[in-house]
Amino acid sequence: QVQLVESGGGSVQPGGSLRLSCQASGDIGSINTMGWYRQTPGKEREVVATIDRDGRAGIEDAVKGRFTISRDNAKSTVYLQMNSLKPDDTAVYYCNAPRWDRQYWGQGTQVTVSS
């Protein structure tokens, strides 16, 4: 089993910044890639960014240039630095860790961008 605990969400004005953290625990040796997804009411969960154990990252076009994903393997933690936030970034953000047999998800953290 793998447990994922997110932190760092909140409310911010447009143009502001937030940093999300996701700490993994449990059978973390079975996990390579970790990532961040987001979801708004009535829409499917969508990928935002992913990063593997070697630091190879992928960022979705909608956030490229504004969001950065990073990882500290020693702390079993993945981060999402979000800059120049827009109202369209408002969503619940979920940490994700896929394994060969199932997906692991965090509980989600709300990010609200509003003036």
# chains A, B, ... in the order shown; residues from 1 in each chain; ligands from 1
>>> residues_around(residues="segment 42-52 of chain A", least_positions_apart="3", cutoff="12 Å", atoms="only C-alpha atoms", output="PyMOL selection string")
chain A and resi 31-39+55-73+76-82+89+91-98+105+108
>>> select_by_dssp(residues="segment 3-81 of chain A", states="strand (DSSP E or B)", output="ChimeraX atom specification")
/A:3-7,10-12,18-26,34-39,46-51,57-59,67-72,77-81
>>> write_last_selection(atoms="C-alpha atoms", output="PDB file, in the first residue's frame")
ATOM      1  CA  GLN A   3      -0.363   6.601   1.092  1.00  0.00           C
ATOM      2  CA  LEU A   4      -0.278  10.077  -0.452  1.00  0.00           C
ATOM      3  CA  VAL A   5      -0.869  13.201   1.605  1.00  0.00           C
ATOM      4  CA  GLU A   6      -1.195  16.578  -0.105  1.00  0.00           C
ATOM      5  CA  SER A   7      -0.774  20.006   1.405  1.00  0.00           C
ATOM      6  CA  GLY A  10      -5.654  27.603  -0.564  1.00  0.00           C
ATOM      7  CA  SER A  11      -7.052  30.788  -2.000  1.00  0.00           C
ATOM      8  CA  VAL A  12      -5.033  33.279  -3.991  1.00  0.00           C
ATOM      9  CA  LEU A  18       1.070  28.485  -4.469  1.00  0.00           C
ATOM     10  CA  ARG A  19       3.194  25.416  -3.875  1.00  0.00           C
ATOM     11  CA  LEU A  20       1.584  22.048  -3.408  1.00  0.00           C
ATOM     12  CA  SER A  21       3.356  19.182  -1.693  1.00  0.00           C
ATOM     13  CA  CYS A  22       2.607  15.478  -1.752  1.00  0.00           C
ATOM     14  CA  GLN A  23       4.375  13.136   0.615  1.00  0.00           C
ATOM     15  CA  ALA A  24       4.294   9.436  -0.087  1.00  0.00           C
ATOM     16  CA  SER A  25       4.637   6.708   2.506  1.00  0.00           C
ATOM     17  CA  GLY A  26       4.295   2.956   2.645  1.00  0.00           C
ATOM     18  CA  MET A  34       4.241  10.544  -9.516  1.00  0.00           C
ATOM     19  CA  GLY A  35       2.076  13.360 -10.701  1.00  0.00           C
ATOM     20  CA  TRP A  36      -0.557  15.981 -10.147  1.00  0.00           C
ATOM     21  CA  TYR A  37      -4.069  15.983 -11.534  1.00  0.00           C
ATOM     22  CA  ARG A  38      -6.894  18.443 -11.108  1.00  0.00           C
ATOM     23  CA  GLN A  39     -10.648  18.285 -11.279  1.00  0.00           C
ATOM     24  CA  GLU A  46      -7.087  15.844 -15.932  1.00  0.00           C
ATOM     25  CA  VAL A  47      -3.341  15.468 -15.702  1.00  0.00           C
ATOM     26  CA  VAL A  48      -1.328  18.583 -14.893  1.00  0.00           C
ATOM     27  CA  ALA A  49       2.222  17.324 -14.563  1.00  0.00           C
ATOM     28  CA  THR A  50       4.183  14.135 -13.964  1.00  0.00           C
ATOM     29  CA  ILE A  51       7.712  13.323 -12.920  1.00  0.00           C
ATOM     30  CA  ALA A  57       9.002  15.711 -16.103  1.00  0.00           C
ATOM     31  CA  GLY A  58       6.008  16.315 -18.313  1.00  0.00           C
ATOM     32  CA  ILE A  59       3.833  19.426 -18.110  1.00  0.00           C
ATOM     33  CA  PHE A  67       3.773  25.450 -13.228  1.00  0.00           C
ATOM     34  CA  THR A  68       6.845  23.422 -12.306  1.00  0.00           C
ATOM     35  CA  ILE A  69       6.914  19.911 -10.913  1.00  0.00           C
ATOM     36  CA  SER A  70       9.823  18.687  -8.833  1.00  0.00           C
ATOM     37  CA  ARG A  71      10.643  15.775  -6.607  1.00  0.00           C
ATOM     38  CA  ASP A  72      12.762  15.029  -3.567  1.00  0.00           C
ATOM     39  CA  THR A  77       7.819  14.144  -1.770  1.00  0.00           C
ATOM     40  CA  VAL A  78       6.697  15.688  -5.039  1.00  0.00           C
ATOM     41  CA  TYR A  79       5.987  19.393  -5.403  1.00  0.00           C
ATOM     42  CA  LEU A  80       3.960  21.520  -7.765  1.00  0.00           C
ATOM     43  CA  GLN A  81       5.023  25.149  -7.911  1.00  0.00           C
TER      44      GLN A  81
END
>>> atom_distance(atom1="atom CA of Asp54 of chain A", atom2="atom CA of Ala74 of chain A")
12.3 Å
>>> closest_residue(among="A:Pro87, A:Ser17, A:Val113, A:Arg53", to="Ser30 of chain A", atoms="only C-alpha atoms")
A:Arg53
>>> atom_distance(atom1="atom CA of Gln1 of chain A", atom2="atom CA of Tyr104 of chain A")
8.6 Å
>>> atom_distance(atom1="atom CA of Leu85 of chain A", atom2="atom CA of Gly16 of chain A")
5.5 Å
